[in-house]
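Student: Take a look at the following structure, please.
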Amino acid sequence: MTRRAGRVALAVTAFTITLASCTNASGHSLPVASIRNSTPNPSGAPTALVNYYKQTISWSNCGGGFQCGDINVPLDYSKPTGTTIRIAVVRKQATDEAHRIGSLLLNPGGPGGSGIDYARSPGVVSAAVAARFDLIGFDPRGVGQSTGVHCLNDSQMDTFLNAPPDPSTGAEVTQEADQAKFFATQCQKNSAALLPYVGTVNAARDMDVLRGALGDSKLYYLGKSYGTYLGAIYADEFPQNVGRLVLDGAIDPSLAANQLNLTQAASFDAALRQFAQDCAARSDCPLGTDPAAGLTKLKSWVDGLDAHPISGDSTRKLTESLAMTGIAVAMYDQSWWPELRAALTKAYAGDGSALLTMADVYNNRVGGHFQSNETEANFAVNCVDHPDEATSVDGIQQELPAYEKAAPFFGSMVAWSSLPCAYWPAVPDTTPHKVQAKGAAPILVVGTTRDPATPYSWAQGLATQLSSGTLLTMNGDGHTAYLRGSTCIDNAVDAYLLGGTVPTAGTVCEQGH
């Protein structure tokens with residue numbers, strides 16, 4: 001479930017190109033005395049945390065119909081009177097105030113994805129949902145405009161993302177390990193106080209504080225990709241506060257890191273085979289008319305970039321790492337397949353600029369600067385969320401045959417992607433376990449049968465574990481299902497969010513219908 005952009009295809013994020021966001025949350029720690037006592041004791045708020053739940057959000061206009069604000073939460077929930085951190089929030093108010101239901105919190109995944117940027121993206125929810133809910137985007141702890149994890153500068157991040165994605169020589173393995181150690185060391189140097197506390201359990205507790213600060217008695221939530229894991233953990237921690245939760249592109253919290261990575265690698269390879277089959281029938285296909293031969297050619301060409309990168313932009317080459325990242329981008333959404341065909345055609349002719357641009361979109365790299373800390377936050381969360389006994393050079397090398405068999409194209413890269421966790425300075429704060437959320441109101445889990453980033457089996461697993469879970473299936477391709485080409489899915493999700501109507505168990509919708 002790791003995301004090592006430039007070396008791994010495993011962003012568990014609803015992939016979108018997001019808009020600029022507000023910037024009024026500094027991310028600095030604040031004294032607990034800054035919390036205001038303005039509302040009655042919220043239902044269910046722990047006594048030691050009551051002032052956090054009672055704080056008032058000061059909203060300010062920040063463009064596009066949005067208001068920006070922030071809340072304060074404890075760095076360490078076991079020490080509520082200690083250091084606090086800031087959670088940045090945006091709100092777009094319901095357009096039908098007379099029929100307003102409440103607040104709908106949004107999370108696009110990652111971990112490390114900005115909920116603020118996601119909320120400000122067009123088409124996150126239907127017009128009907130936007131009419132009756134205040135849309136709430138927030139950056140989880142460690143992410144973006146909230147108190148954030150910071151590790152590498154731009155130059156260091158470029159180096160990190162360009163290390164060999166599938167080291168095959170002793171020198172390359174040493175390079176891989178050195179980069180992993182350096183990444184972990186720099187995170188400790190720059191964010192030591194935050195690292196032990198950025199896990200999903202604490203992020204879920206922050207969501208409940210935000211619910212209280214917004215004045216809602218129940219949590220309404222749309223989480224995609226990793227956001228489904230955050231939503232499931234929330235439901236397990238606060239089942240009595242669950243309103244309506246949509247978990248789209250679900251993760252199975254009972255699976256260990258190695259199980260998640262191996263399954264996901266296989267799913268990305270399956271998506272690449274689907275691309276090759278589609279490509280073979282098109283006149284502009286650079287892979288040729290034989291899908292299997294085309295993939296063999298593609299793998300050989302990508303491997304060759306290790307020793308001989310090609311022209312990218314005015315300052316950079318297209319390396320093996322960045323080429324694989326650009327290819328991975330297109331696996332999230334079939335609408336990217338024409339761009340990938342064109343980019344590979346140019347790259348085969350020696351011009352890697354289009355594929356490099358696709359990698360930069362994935363990495364949020366603009367003009368030589370990384371626009372977000374998503375890669376850093378992703379490791380910080382995953383390394384404390386998902387302990388993996390195989391995370392070491394020796395352990396990865398032992399697992400490599402299984403990865404390469406399951407996923408000949410992406411497998412080796414995925415296997416090496418979690419190596420920084422072997423050197424991580426913060427210890428894990430949870431272990432894989434089934435999440436039941438006993439006593440929670442009905443929860444809607446959505447899965448896509450050929451989702452590369454969150455395989456369908458994960459949605460099946462989560463829906464089965466949740467005591468009140470119902471699985472809604474889209475038979476189709478791409479990552480996540482809501483507002484991605486199925487009116488059947490969209491209507492079912494909207495009926496649940498707006499009226500609490502749960503679809504019939506076993507409902508399957510077709511992509512395009």
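Just remember, in the structure tokens the first chain shown is A, the second B, etc., residues are 1-based per chain, and ligands are 1-based in the order shown.
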Near stretch 238-245 of chain A, counting only C-alpha atoms, which residues have an atom at most 10 Å away, once you skip same-chain residues fewer than 4 positions from it, shown as a tab-separated table (two decimals) with C-alpha atoms, in the first residue's frame?

Tutor:
chain	number	residue	atom	x	y	z
A	43	SER	CA	-22.30	14.15	22.55
A	44	GLY	CA	-19.74	11.46	23.19
A	104	LEU	CA	-19.76	15.74	4.13
A	105	LEU	CA	-16.08	15.14	4.84
A	204	ALA	CA	-9.51	9.18	12.58
A	205	ARG	CA	-9.58	10.81	16.00
A	208	ASP	CA	-14.16	13.09	15.11
A	211	ARG	CA	-17.14	16.54	13.35
A	216	ASP	CA	-22.57	17.59	13.52
A	217	SER	CA	-23.88	14.80	15.72
A	218	LYS	CA	-23.00	12.17	13.09
A	219	LEU	CA	-20.19	11.88	10.55
A	220	TYR	CA	-21.02	11.86	6.85
A	221	TYR	CA	-18.02	10.90	4.75
A	222	LEU	CA	-16.84	10.07	1.25
A	223	GLY	CA	-13.46	8.37	1.27
A	228	THR	CA	-11.59	3.98	2.78
A	231	GLY	CA	-13.12	5.75	7.12
A	232	ALA	CA	-13.11	2.14	8.29
A	233	ILE	CA	-10.78	2.92	11.18
A	234	TYR	CA	-13.02	5.86	12.09
A	436	GLN	CA	-15.94	-4.70	12.41
A	437	ALA	CA	-17.28	-1.35	13.67
A	438	LYS	CA	-19.91	-3.09	15.76
A	439	GLY	CA	-22.97	-0.95	16.29
A	440	ALA	CA	-22.31	1.41	13.38
A	441	ALA	CA	-25.08	2.51	11.04
A	442	PRO	CA	-25.03	0.96	7.52
A	443	ILE	CA	-21.77	1.62	5.65
A	444	LEU	CA	-21.52	1.50	1.86
A	445	VAL	CA	-18.40	-0.13	0.39
A	469	GLY	CA	-21.14	-3.16	5.52
A	493	VAL	CA	-24.32	6.37	-3.86
A	496	TYR	CA	-27.48	6.42	0.22
A	497	LEU	CA	-25.92	9.81	1.03
A	498	LEU	CA	-29.14	11.76	0.60
A	499	GLY	CA	-31.66	9.37	2.08
A	500	GLY	CA	-29.79	6.54	3.77
A	501	THR	CA	-31.07	4.01	1.24
A	502	VAL	CA	-28.68	1.07	1.09

Student: Counting only C-alpha atoms, what is within 9 Å of stretch 346-362 of chain A, bar same-chain residues fewer than 2 positions away, as a ChimeraX atom specification?

Tutor: /A:5-6,15,17,286,301,309-313,316-319,322-330,339-344,364-366,370

Student: Write the residues of the preceding selection, restricted to C-alpha atoms, as a short mmCIF file (atom, residue, chain, number, x, y, z; two decimals), in the first residue's frame.

Tutor:
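Listing of part_8.cif after writing:
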data_model
loop_
_atom_site.label_atom_id
_atom_site.label_comp_id
_atom_site.auth_asym_id
_atom_site.auth_seq_id
_atom_site.Cartn_x
_atom_site.Cartn_y
_atom_site.Cartn_z
CA ALA A 5 6.25 8.03 -6.86
CA GLY A 6 8.90 7.56 -9.50
CA PHE A 15 -6.15 10.21 -9.10
CA ILE A 17 -5.48 16.89 -11.21
CA PRO A 286 3.26 1.85 -30.54
CA TRP A 301 12.77 -0.67 -23.58
CA PRO A 309 18.00 7.45 -20.35
CA ILE A 310 16.60 9.53 -23.19
CA SER A 311 15.85 13.20 -23.65
CA GLY A 312 13.14 14.53 -21.34
CA ASP A 313 13.01 18.28 -20.91
CA ARG A 316 16.28 16.24 -17.19
CA LYS A 317 16.42 12.85 -18.83
CA LEU A 318 13.61 10.31 -18.89
CA THR A 319 14.93 7.62 -16.57
CA LEU A 322 10.15 8.25 -14.34
CA ALA A 323 9.12 6.21 -17.37
CA MET A 324 7.48 3.60 -15.16
CA THR A 325 5.74 6.36 -13.19
CA GLY A 326 4.36 7.88 -16.39
CA ILE A 327 3.09 4.48 -17.50
CA ALA A 328 1.54 3.85 -14.08
CA VAL A 329 -0.43 7.10 -14.25
CA ALA A 330 -2.43 5.84 -17.20
CA GLU A 339 -2.03 10.06 -23.92
CA LEU A 340 0.02 6.99 -23.05
CA ARG A 341 -0.05 5.73 -26.64
CA ALA A 342 1.14 9.11 -27.89
CA ALA A 343 3.77 9.43 -25.15
CA LEU A 344 5.21 5.97 -25.88
CA ASN A 364 3.01 17.04 -8.35
CA ARG A 365 6.22 18.47 -9.77
CA VAL A 366 5.84 21.85 -11.48
CA PHE A 370 7.25 19.57 -5.75
#

Student: Please report, as a list in words, each residue of stretch 278-330 of chain A to which DSSP assigns strand (DSSP E) when run on this structure's backbone.

Tutor: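 Answer for stretch 278-330 of chain A, restricted to strand (DSSP E): Ile310, Ser311, Lys317 and Leu318 of chain A.
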
Student: Quick one: of A:Val446, A:Val90, A:Leu298, A:Cys279, who's nearest to A:Asp117, counting only C-alpha atoms?

Tutor: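 Among the listed residues, the smallest separation from A:Asp117 belongs to A:Val90.
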
Student: Show which residues sit within 9 Å of A:Gln397, as a VMD selection string. Count only C-alpha atoms, and ignore same-chain residues fewer than 5 positions away.

Tutor: chain A and resid 392 415 to 416

Student: To one decimal in Å, tell me the separation between atom CA of A:His386 and atom CA of A:Ala257.

Tutor: 5.6 Å

Student: Any idea what the distance is between atom CA of A:Thr504 and atom CA of A:Gly102?

Tutor: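 Atom-to-atom, atom CA of A:Thr504 to atom CA of A:Gly102, that is 25.1 Å.
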
Student: Compile the contact shell of A:Ile101 as an MDAnalysis selection string: residues with an atom at most 7 Å away, counting only C-alpha atoms, same-chain residues fewer than 2 positions apart removed.

Tutor: chainID A and resid 99 132:133
